[in-house]
Amino acid sequence: MAEEKKSPLTTHSNDSTFAGDGDIEAPPSAASKQDARRTLGIWSVTFLIFNRMIGTGVFATPAAILSDAGSVGMSLILWVVGGLIAIAGMTVFLEYGTALPKSGGEKNYLEFVYNRPRLLTSCIYAANAVLLGWAASNSVVFGQYLLFAAGVTPNDWNSRGLGLLCITFAFLVHGLVPKIGIKIQNALGVFKFLVLVFVVLSGFAALAGRSRIGKTTNFENAFAGTTTSAYSLVSAIYNVIWSYIGYSNAHYALGEVRNPVRTIKIAGPLAIGIVTVLYVLANIAYFAAVPKDQILSSGLVVAGEFFVNMFGETFGRRILPLFVVLSALGNVMAVLYSQGRINQELGKEGFLPFSRHLASTWPFGAPFMGLALHYLVSVIMMLAPPPGEVYNFVINVITYPLSIINVFVALGLIILYFRREQYGWNPPFSSPLIVTVFFLLCNLLLVSFPFLKPPTESKSDLPYWLSSVVGILVLVAGGVYYLAVFVVYPKVAGFTWEARKRIWDDGTSGWEYHKLR
């Protein structure tokens, strides 16, 4: 293990003593280990994005979006807008990823731009990555739809129990047999693609009147009923944007991608393009086969109503839920895969407890402890809250901090646009400024919308803004950790931190912090 001492971290006014200066040259064995890690090709990266984006949203959210939009025509326009926002997000991340082609995603990008005081940004981002269990929600959806398919009424606990089996399977496969995990993940991506293509082709048949109920009238005067409420329109856009989340998923594992710059430039647009086209065409298919009133009353099973109208009760009530089950499993596997890599990269920075364990790829060539950490947090968030609105509240808390992070990601790229020389910024791919600004504005919408008071009284006993405030406090907790560990503790205990660079067991470099008295 190679190590290099650095000057003490005596103050934060001269925090160039943090990671980033005086890099050492890795030994040849380290370089060969890094090359060995790069096993993901174009299709694996495409399906890593594809699986993360397509969970259950396209099967469940169209009814809520139609309800807010008010008309079929406006609903379809919003799905197209959602695709444009996802393309803008992908473009922003492409510039970052091609310039900094290593695992970690937003962690690397925020650290690069907001580098003073060093480690503050890292600690804030770590709070979001470590404390929130992204894999929890679709694990529960897996359980709910598996029970639907079996003819059993889901409740809060049997669906969570099956969700536990889902996430445990994903954890063990990715942790113990990572190559097989990628193959399963890719196979589930292909399956999702084929299911959505099947939905689209069935929709074309419905447009020709070949459904059990004949042609619908949804496309006659398609904009009738379009909402005039700004709140409803913003609410619809909000739901659409969240259905497209996941375009950055491959950036968390770029250190494992072959020829990462070329691969991400191909796989990113390919995945986003496929998802956008399939989302829009799938919604056209729903409208072709399911009357508007039936969609509005379908709740979270609009795809089920589609298959009932096209193929009968058995297919719609038994087979379709199995499609959603496998789609949810693919999403859970993609989330766990990427979040495990984020935890590993945070471990390599050396500022978290048990960093050595998080950074390691022992014993199976996968970030087992990074995966285990996200698995544990997700299981706690899935099982600990009591049934009802507290559980839904916890899920809402998980999603909110990502919007804040994306605001600073977009703002950071605008800063780089005007300070290229200062940062030495010359990426192989550049996002147009107008696209970056558009992405920034969209995320500002996501940040601000939860604080808009709904026009009607909520049935919940919890304030409508509470989950967002708690999400903000999660990020604040990261700042508190930084102040406690790197500012207050050294002053009280009478020591300074010394950063030492080291080479980890996968050949990548990182840091350790040692007390210097």
# chains A, B, ... in the order shown; residues from 1 in each chain; ligands from 1
$ residues_around --residues "A:Glu349" --least-positions-apart "2" --cutoff "10 Å" --atoms "only C-alpha atoms" --output "PyMOL selection string"
chain A and resi 19+119+122+344-347+351-352+355-356+359+499+501-502+509-513
$ closest_atom_pairs --of "stretch 238-271 of chain A" --to "stretch 80-83 of chain A" --cutoff "8 Å" --atoms "only C-alpha atoms" --output "tab-separated table"
residue	atom	partner	partner_atom	distance
A:Val240	CA	A:Gly82	CA	5.7
A:Ile241	CA	A:Gly82	CA	5.3
A:Tyr244	CA	A:Gly82	CA	6.8
$ write_last_selection --atoms "N, CA and C atoms" --output "mmCIF file, in the first residue's frame"
data_model
loop_
_atom_site.group_PDB
_atom_site.id
_atom_site.type_symbol
_atom_site.label_atom_id
_atom_site.label_comp_id
_atom_site.auth_asym_id
_atom_site.auth_seq_id
_atom_site.Cartn_x
_atom_site.Cartn_y
_atom_site.Cartn_z
ATOM 1 N N VAL A 240 -44.034 14.478 -13.501
ATOM 2 C CA VAL A 240 -43.375 14.024 -14.736
ATOM 3 C C VAL A 240 -41.862 14.003 -14.553
ATOM 4 N N ILE A 241 -41.313 15.074 -13.976
ATOM 5 C CA ILE A 241 -39.860 15.157 -13.807
ATOM 6 C C ILE A 241 -39.360 13.992 -12.964
ATOM 7 N N TYR A 244 -38.713 10.744 -14.671
ATOM 8 C CA TYR A 244 -37.531 10.663 -15.524
ATOM 9 C C TYR A 244 -36.220 10.636 -14.718
#
$ closest_residue --among "A:Ala271, A:Ala250, A:Ala288, A:Val394" --to "A:Arg210" --atoms "only C-alpha atoms"
A:Ala288
$ closest_atom_pairs --of "stretch 28-127 of chain A" --to "stretch 133-146 of chain A" --cutoff "12 Å" --atoms "only C-alpha atoms" --output "CSV"
residue,atom,partner,partner_atom,distance
A:Asn51,CA,A:Asn138,CA,12.0
A:Arg52,CA,A:Ala135,CA,10.5
A:Met53,CA,A:Asn138,CA,11.9
A:Ile54,CA,A:Asn138,CA,10.9
A:Gly55,CA,A:Asn138,CA,7.3
A:Thr56,CA,A:Asn138,CA,7.6
A:Gly57,CA,A:Asn138,CA,10.1
A:Phe59,CA,A:Tyr145,CA,11.5
A:Ala60,CA,A:Val141,CA,10.7
A:Ala127,CA,A:Gly133,CA,11.3
$ write_last_selection --atoms "all heavy atoms" --output "short mmCIF file (atom, residue, chain, number, x, y, z; two decimals), in the first residue's frame"
data_model
loop_
_atom_site.label_atom_id
_atom_site.label_comp_id
_atom_site.auth_asym_id
_atom_site.auth_seq_id
_atom_site.Cartn_x
_atom_site.Cartn_y
_atom_site.Cartn_z
N ASN A 51 -32.49 1.06 -16.34
CA ASN A 51 -33.12 0.40 -15.19
C ASN A 51 -33.43 1.38 -14.07
O ASN A 51 -34.44 1.24 -13.37
CB ASN A 51 -32.19 -0.69 -14.65
CG ASN A 51 -32.50 -2.06 -15.25
OD1 ASN A 51 -33.64 -2.45 -15.36
ND2 ASN A 51 -31.47 -2.77 -15.66
N ARG A 52 -32.55 2.37 -13.89
CA ARG A 52 -32.79 3.36 -12.82
C ARG A 52 -33.96 4.28 -13.18
O ARG A 52 -34.77 4.63 -12.31
CB ARG A 52 -31.52 4.20 -12.60
CG ARG A 52 -31.67 5.31 -11.58
CD ARG A 52 -31.94 4.76 -10.20
NE ARG A 52 -32.12 5.82 -9.21
CZ ARG A 52 -33.26 6.43 -8.94
NH1 ARG A 52 -34.38 6.06 -9.57
NH2 ARG A 52 -33.32 7.39 -8.03
N MET A 53 -34.07 4.66 -14.44
CA MET A 53 -35.15 5.58 -14.84
C MET A 53 -36.51 4.90 -14.86
O MET A 53 -37.51 5.47 -14.42
CB MET A 53 -34.84 6.17 -16.22
CG MET A 53 -33.64 7.10 -16.24
SD MET A 53 -33.39 7.86 -17.87
CE MET A 53 -34.77 9.01 -17.91
N ILE A 54 -36.55 3.68 -15.38
CA ILE A 54 -37.83 2.99 -15.50
C ILE A 54 -38.01 2.08 -14.29
O ILE A 54 -37.46 0.98 -14.24
CB ILE A 54 -37.91 2.19 -16.81
CG1 ILE A 54 -37.77 3.12 -18.01
CG2 ILE A 54 -39.24 1.44 -16.88
CD1 ILE A 54 -37.85 2.43 -19.34
N GLY A 55 -38.76 2.56 -13.34
CA GLY A 55 -39.12 1.75 -12.19
C GLY A 55 -40.59 1.39 -12.31
O GLY A 55 -40.97 0.48 -13.03
N THR A 56 -41.42 2.14 -11.63
CA THR A 56 -42.87 1.90 -11.71
C THR A 56 -43.62 3.14 -12.17
O THR A 56 -44.84 3.10 -12.34
CB THR A 56 -43.40 1.46 -10.33
OG1 THR A 56 -43.07 2.46 -9.36
CG2 THR A 56 -42.78 0.14 -9.91
N GLY A 57 -42.90 4.26 -12.37
CA GLY A 57 -43.56 5.52 -12.69
C GLY A 57 -44.43 5.48 -13.92
O GLY A 57 -45.58 5.95 -13.91
N PHE A 59 -45.93 3.10 -15.25
CA PHE A 59 -47.09 2.24 -15.08
C PHE A 59 -48.12 2.85 -14.11
O PHE A 59 -49.27 2.44 -14.10
CB PHE A 59 -46.67 0.87 -14.54
CG PHE A 59 -45.70 0.14 -15.42
CD1 PHE A 59 -44.39 -0.06 -15.02
CD2 PHE A 59 -46.09 -0.36 -16.65
CE1 PHE A 59 -43.49 -0.72 -15.83
CE2 PHE A 59 -45.20 -1.03 -17.47
CZ PHE A 59 -43.89 -1.22 -17.06
N ALA A 60 -47.66 3.80 -13.28
CA ALA A 60 -48.51 4.25 -12.18
C ALA A 60 -48.90 5.72 -12.23
O ALA A 60 -50.02 6.07 -11.86
CB ALA A 60 -47.81 3.95 -10.84
N ALA A 127 -24.00 13.07 3.84
CA ALA A 127 -25.21 12.93 4.66
C ALA A 127 -26.38 12.44 3.82
O ALA A 127 -27.14 11.56 4.24
CB ALA A 127 -25.55 14.27 5.32
#
$ residues_around --residues "stretch 45-47 of chain A" --least-positions-apart "3" --cutoff "9 Å" --atoms "only C-alpha atoms" --output "tab-separated table (two decimals) with all heavy atoms, in the first residue's frame"
chain	number	residue	atom	x	y	z
A	40	LEU	N	-17.55	-2.50	-17.60
A	40	LEU	CA	-18.86	-2.12	-18.14
A	40	LEU	C	-18.71	-1.50	-19.53
A	40	LEU	O	-17.97	-0.54	-19.71
A	40	LEU	CB	-19.56	-1.12	-17.21
A	40	LEU	CG	-19.80	-1.58	-15.77
A	40	LEU	CD1	-20.51	-0.48	-14.98
A	40	LEU	CD2	-20.59	-2.87	-15.72
A	41	GLY	N	-19.42	-2.07	-20.48
A	41	GLY	CA	-19.41	-1.54	-21.84
A	41	GLY	C	-20.63	-0.68	-22.12
A	41	GLY	O	-21.40	-0.33	-21.20
A	42	ILE	N	-20.84	-0.35	-23.39
A	42	ILE	CA	-21.92	0.56	-23.77
A	42	ILE	C	-23.29	0.03	-23.35
A	42	ILE	O	-24.11	0.77	-22.78
A	42	ILE	CB	-21.87	0.82	-25.29
A	42	ILE	CG1	-20.64	1.66	-25.64
A	42	ILE	CG2	-23.15	1.55	-25.74
A	42	ILE	CD1	-20.42	1.84	-27.12
A	50	PHE	N	-31.07	2.98	-17.88
A	50	PHE	CA	-32.42	2.56	-18.26
A	50	PHE	C	-33.16	1.96	-17.07
A	50	PHE	O	-34.32	2.30	-16.78
A	50	PHE	CB	-32.31	1.55	-19.39
A	50	PHE	CG	-33.59	1.23	-20.10
A	50	PHE	CD1	-34.09	2.06	-21.09
A	50	PHE	CD2	-34.31	0.09	-19.79
A	50	PHE	CE1	-35.27	1.76	-21.76
A	50	PHE	CE2	-35.49	-0.22	-20.44
A	50	PHE	CZ	-35.97	0.61	-21.43
A	51	ASN	N	-32.49	1.06	-16.34
A	51	ASN	CA	-33.12	0.40	-15.19
A	51	ASN	C	-33.43	1.38	-14.07
A	51	ASN	O	-34.44	1.24	-13.37
A	51	ASN	CB	-32.19	-0.69	-14.65
A	51	ASN	CG	-32.50	-2.06	-15.25
A	51	ASN	OD1	-33.64	-2.45	-15.36
A	51	ASN	ND2	-31.47	-2.77	-15.66
A	52	ARG	N	-32.55	2.37	-13.89
A	52	ARG	CA	-32.79	3.36	-12.82
A	52	ARG	C	-33.96	4.28	-13.18
A	52	ARG	O	-34.77	4.63	-12.31
A	52	ARG	CB	-31.52	4.20	-12.60
A	52	ARG	CG	-31.67	5.31	-11.58
A	52	ARG	CD	-31.94	4.76	-10.20
A	52	ARG	NE	-32.12	5.82	-9.21
A	52	ARG	CZ	-33.26	6.43	-8.94
A	52	ARG	NH1	-34.38	6.06	-9.57
A	52	ARG	NH2	-33.32	7.39	-8.03
A	185	GLN	N	-29.09	-7.59	-14.17
A	185	GLN	CA	-29.53	-6.21	-14.34
A	185	GLN	C	-29.76	-5.90	-15.81
A	185	GLN	O	-30.77	-5.28	-16.19
A	185	GLN	CB	-28.45	-5.30	-13.76
A	185	GLN	CG	-28.90	-3.89	-13.44
A	185	GLN	CD	-27.91	-3.20	-12.53
A	185	GLN	OE1	-28.01	-3.27	-11.32
A	185	GLN	NE2	-26.93	-2.53	-13.12
A	186	ASN	N	-28.84	-6.33	-16.66
A	186	ASN	CA	-28.99	-6.11	-18.10
A	186	ASN	C	-30.21	-6.86	-18.65
A	186	ASN	O	-30.96	-6.34	-19.49
A	186	ASN	CB	-27.74	-6.54	-18.84
A	186	ASN	CG	-26.56	-5.62	-18.59
A	186	ASN	OD1	-26.72	-4.53	-18.04
A	186	ASN	ND2	-25.37	-6.03	-18.99
A	187	ALA	N	-30.40	-8.09	-18.17
A	187	ALA	CA	-31.54	-8.88	-18.64
A	187	ALA	C	-32.86	-8.22	-18.24
A	187	ALA	O	-33.81	-8.18	-19.04
A	187	ALA	CB	-31.47	-10.29	-18.06
A	188	LEU	N	-32.92	-7.68	-17.04
A	188	LEU	CA	-34.14	-6.97	-16.61
A	188	LEU	C	-34.35	-5.70	-17.44
A	188	LEU	O	-35.49	-5.32	-17.72
A	188	LEU	CB	-34.05	-6.63	-15.13
A	188	LEU	CG	-34.17	-7.82	-14.17
A	188	LEU	CD1	-33.82	-7.41	-12.74
A	188	LEU	CD2	-35.57	-8.41	-14.22
A	189	GLY	N	-33.25	-5.05	-17.83
A	189	GLY	CA	-33.38	-3.89	-18.70
A	189	GLY	C	-33.96	-4.26	-20.06
A	189	GLY	O	-34.84	-3.56	-20.59
A	190	VAL	N	-33.50	-5.36	-20.62
A	190	VAL	CA	-34.05	-5.84	-21.89
A	190	VAL	C	-35.53	-6.17	-21.72
A	190	VAL	O	-36.36	-5.84	-22.59
A	190	VAL	CB	-33.27	-7.08	-22.39
A	190	VAL	CG1	-33.96	-7.70	-23.59
A	190	VAL	CG2	-31.84	-6.70	-22.73
A	249	ASN	N	-27.35	7.99	-13.38
A	249	ASN	CA	-27.00	6.78	-12.64
A	249	ASN	C	-25.64	6.20	-13.01
A	249	ASN	O	-24.91	5.71	-12.16
A	249	ASN	CB	-28.09	5.72	-12.84
A	249	ASN	CG	-28.12	4.71	-11.71
A	249	ASN	OD1	-28.09	5.07	-10.54
A	249	ASN	ND2	-28.17	3.43	-12.04
A	250	ALA	N	-25.29	6.24	-14.29
A	250	ALA	CA	-24.02	5.64	-14.71
A	250	ALA	C	-22.81	6.41	-14.18
A	250	ALA	O	-21.72	5.85	-14.06
A	250	ALA	CB	-23.96	5.57	-16.24
A	253	ALA	N	-20.67	5.07	-11.32
A	253	ALA	CA	-19.81	3.91	-11.53
A	253	ALA	C	-18.87	4.10	-12.71
A	253	ALA	O	-18.42	3.12	-13.31
A	253	ALA	CB	-20.67	2.66	-11.74
A	254	LEU	N	-18.53	5.34	-13.07
A	254	LEU	CA	-17.67	5.58	-14.24
A	254	LEU	C	-16.30	4.95	-14.08
A	254	LEU	O	-15.63	4.66	-15.07
A	254	LEU	CB	-17.54	7.08	-14.49
A	254	LEU	CG	-18.68	7.76	-15.25
A	254	LEU	CD1	-18.36	9.23	-15.48
A	254	LEU	CD2	-18.94	7.06	-16.58
A	257	VAL	N	-16.15	1.67	-15.94
A	257	VAL	CA	-16.59	1.70	-17.34
A	257	VAL	C	-15.38	1.69	-18.26
A	257	VAL	O	-14.42	2.43	-18.06
A	257	VAL	CB	-17.45	2.96	-17.60
A	257	VAL	CG1	-17.80	3.07	-19.08
A	257	VAL	CG2	-18.70	2.93	-16.75
A	263	THR	N	-17.80	5.92	-23.89
A	263	THR	CA	-18.95	5.09	-23.53
A	263	THR	C	-20.12	5.93	-23.02
A	263	THR	O	-21.26	5.76	-23.45
A	263	THR	CB	-18.56	4.05	-22.48
A	263	THR	OG1	-17.54	3.20	-23.01
A	263	THR	CG2	-19.76	3.19	-22.08
A	264	ILE	N	-19.84	6.88	-22.12
A	264	ILE	CA	-20.93	7.67	-21.55
A	264	ILE	C	-21.50	8.63	-22.59
A	264	ILE	O	-22.70	8.95	-22.55
A	264	ILE	CB	-20.46	8.42	-20.29
A	264	ILE	CG1	-21.67	8.93	-19.49
A	264	ILE	CG2	-19.53	9.57	-20.62
A	264	ILE	CD1	-22.53	7.83	-18.93
A	266	ILE	N	-22.01	7.90	-25.60
A	266	ILE	CA	-22.92	7.09	-26.43
A	266	ILE	C	-24.10	6.59	-25.60
A	266	ILE	O	-25.26	6.73	-25.99
A	266	ILE	CB	-22.17	5.90	-27.06
A	266	ILE	CG1	-21.10	6.40	-28.02
A	266	ILE	CG2	-23.16	4.98	-27.79
A	266	ILE	CD1	-20.20	5.30	-28.57
A	267	ALA	N	-23.80	6.00	-24.43
A	267	ALA	CA	-24.84	5.34	-23.63
A	267	ALA	C	-25.83	6.33	-23.04
A	267	ALA	O	-27.03	6.03	-22.96
A	267	ALA	CB	-24.18	4.53	-22.52
A	268	GLY	N	-25.35	7.52	-22.62
A	268	GLY	CA	-26.25	8.50	-22.02
A	268	GLY	C	-27.37	8.93	-22.96
A	268	GLY	O	-28.56	8.75	-22.65
A	269	PRO	N	-27.03	9.50	-24.12
A	269	PRO	CA	-28.09	9.90	-25.06
A	269	PRO	C	-28.94	8.72	-25.53
A	269	PRO	O	-30.15	8.87	-25.73
A	269	PRO	CB	-27.30	10.51	-26.23
A	269	PRO	CG	-26.01	10.96	-25.62
A	269	PRO	CD	-25.70	9.95	-24.56
A	270	LEU	N	-28.31	7.55	-25.69
A	270	LEU	CA	-29.07	6.38	-26.15
A	270	LEU	C	-30.15	6.01	-25.14
A	270	LEU	O	-31.31	5.81	-25.50
A	270	LEU	CB	-28.11	5.20	-26.37
A	270	LEU	CG	-28.74	3.88	-26.85
A	270	LEU	CD1	-29.40	4.07	-28.22
A	270	LEU	CD2	-27.69	2.78	-26.91
A	271	ALA	N	-29.78	5.93	-23.86
A	271	ALA	CA	-30.74	5.55	-22.83
A	271	ALA	C	-31.84	6.59	-22.69
A	271	ALA	O	-33.04	6.23	-22.64
A	271	ALA	CB	-30.02	5.36	-21.49
A	272	ILE	N	-31.47	7.87	-22.63
A	272	ILE	CA	-32.48	8.93	-22.46
A	272	ILE	C	-33.41	8.98	-23.67
A	272	ILE	O	-34.62	9.15	-23.52
A	272	ILE	CB	-31.81	10.30	-22.27
A	272	ILE	CG1	-30.82	10.27	-21.11
A	272	ILE	CG2	-32.87	11.37	-22.01
A	272	ILE	CD1	-31.40	9.90	-19.79
A	334	ALA	N	-30.49	-1.50	-9.81
A	334	ALA	CA	-29.72	-0.38	-10.36
A	334	ALA	C	-29.41	0.65	-9.27
A	334	ALA	O	-28.30	1.19	-9.21
A	334	ALA	CB	-30.49	0.27	-11.50
$ closest_atom_pairs --of "stretch 117-170 of chain A" --to "stretch 310-318 of chain A" --cutoff "10 Å" --atoms "only C-alpha atoms" --output "CSV"
residue,atom,partner,partner_atom,distance
A:Tyr145,CA,A:Arg318,CA,9.3
A:Leu146,CA,A:Arg318,CA,9.2
A:Leu147,CA,A:Arg318,CA,9.7
A:Phe148,CA,A:Arg318,CA,7.1
A:Ala149,CA,A:Arg318,CA,4.5
A:Ala150,CA,A:Arg318,CA,7.2
A:Gly151,CA,A:Arg318,CA,7.7
$ select_by_dssp --residues "stretch 363-504 of chain A" --states "strand (DSSP E)" --output "JSON, numbers by chain"
{"A": [496, 497, 498, 499, 500, 501, 502, 503]}
$ closest_residue --among "A:Ser298, A:Met333, A:Leu110, A:Asn221" --to "A:Lys183" --atoms "only C-alpha atoms"
A:Met333
$ residues_around --residues "A:Val377" --least-positions-apart "4" --cutoff "9 Å" --atoms "only C-alpha atoms" --output "PyMOL selection string"
chain A and resi 130-134+136+372-373+381-382
$ closest_residue --among "A:Ser159, A:Ser248, A:Gln294, A:Asn309" --to "A:Ser103" --atoms "only C-alpha atoms"
A:Ser248
$ closest_atom_pairs --of "stretch 106-219 of chain A" --to "stretch 63-76 of chain A" --cutoff "12 Å" --atoms "only C-alpha atoms" --output "CSV"
residue,atom,partner,partner_atom,distance
A:Thr216,CA,A:Val72,CA,11.8
A:Thr217,CA,A:Val72,CA,10.4
A:Asn218,CA,A:Val72,CA,6.6
A:Phe219,CA,A:Val72,CA,7.2
$ select_by_dssp --residues "stretch 47-246 of chain A" --states "helix (DSSP H, G or I)" --output "PyMOL selection string"
chain A and resi 47-53+57-60+62-69+72-99+106-113+120-131+136-150+156-176+178-207+230-243
$ atom_distance --atom1 "atom CA of A:Gln422" --atom2 "atom CA of A:Val409"
17.9 Å
$ residues_around --residues "A:Pro401" --least-positions-apart "3" --cutoff "7 Å" --atoms "only C-alpha atoms" --output "list in words"
Asn128, Ile398, Ile404, Ile405, Gly471 and Ile472 of chain A
$ write_last_selection --atoms "N, CA and C atoms" --output "mmCIF file, in the first residue's frame"
data_model
loop_
_atom_site.group_PDB
_atom_site.id
_atom_site.type_symbol
_atom_site.label_atom_id
_atom_site.label_comp_id
_atom_site.auth_asym_id
_atom_site.auth_seq_id
_atom_site.Cartn_x
_atom_site.Cartn_y
_atom_site.Cartn_z
ATOM 1 N N ASN A 128 -26.525 12.987 2.608
ATOM 2 C CA ASN A 128 -27.589 12.549 1.706
ATOM 3 C C ASN A 128 -27.382 11.110 1.257
ATOM 4 N N ILE A 398 -36.742 11.243 1.408
ATOM 5 C CA ILE A 398 -35.628 10.671 0.645
ATOM 6 C C ILE A 398 -35.395 11.434 -0.651
ATOM 7 N N ILE A 404 -32.009 19.712 -4.363
ATOM 8 C CA ILE A 404 -31.076 20.740 -3.897
ATOM 9 C C ILE A 404 -29.677 20.471 -4.458
ATOM 10 N N ILE A 405 -29.263 19.218 -4.430
ATOM 11 C CA ILE A 405 -27.944 18.854 -4.965
ATOM 12 C C ILE A 405 -27.851 19.201 -6.445
ATOM 13 N N GLY A 471 -35.777 17.022 4.819
ATOM 14 C CA GLY A 471 -34.777 16.754 3.793
ATOM 15 C C GLY A 471 -33.635 17.758 3.843
ATOM 16 N N ILE A 472 -33.973 19.021 4.054
ATOM 17 C CA ILE A 472 -32.937 20.058 4.191
ATOM 18 C C ILE A 472 -32.080 19.789 5.428
#
$ closest_residue --among "A:Leu94, A:Leu402, A:Val197, A:Gly424" --to "A:Val474" --atoms "only C-alpha atoms"
A:Leu402
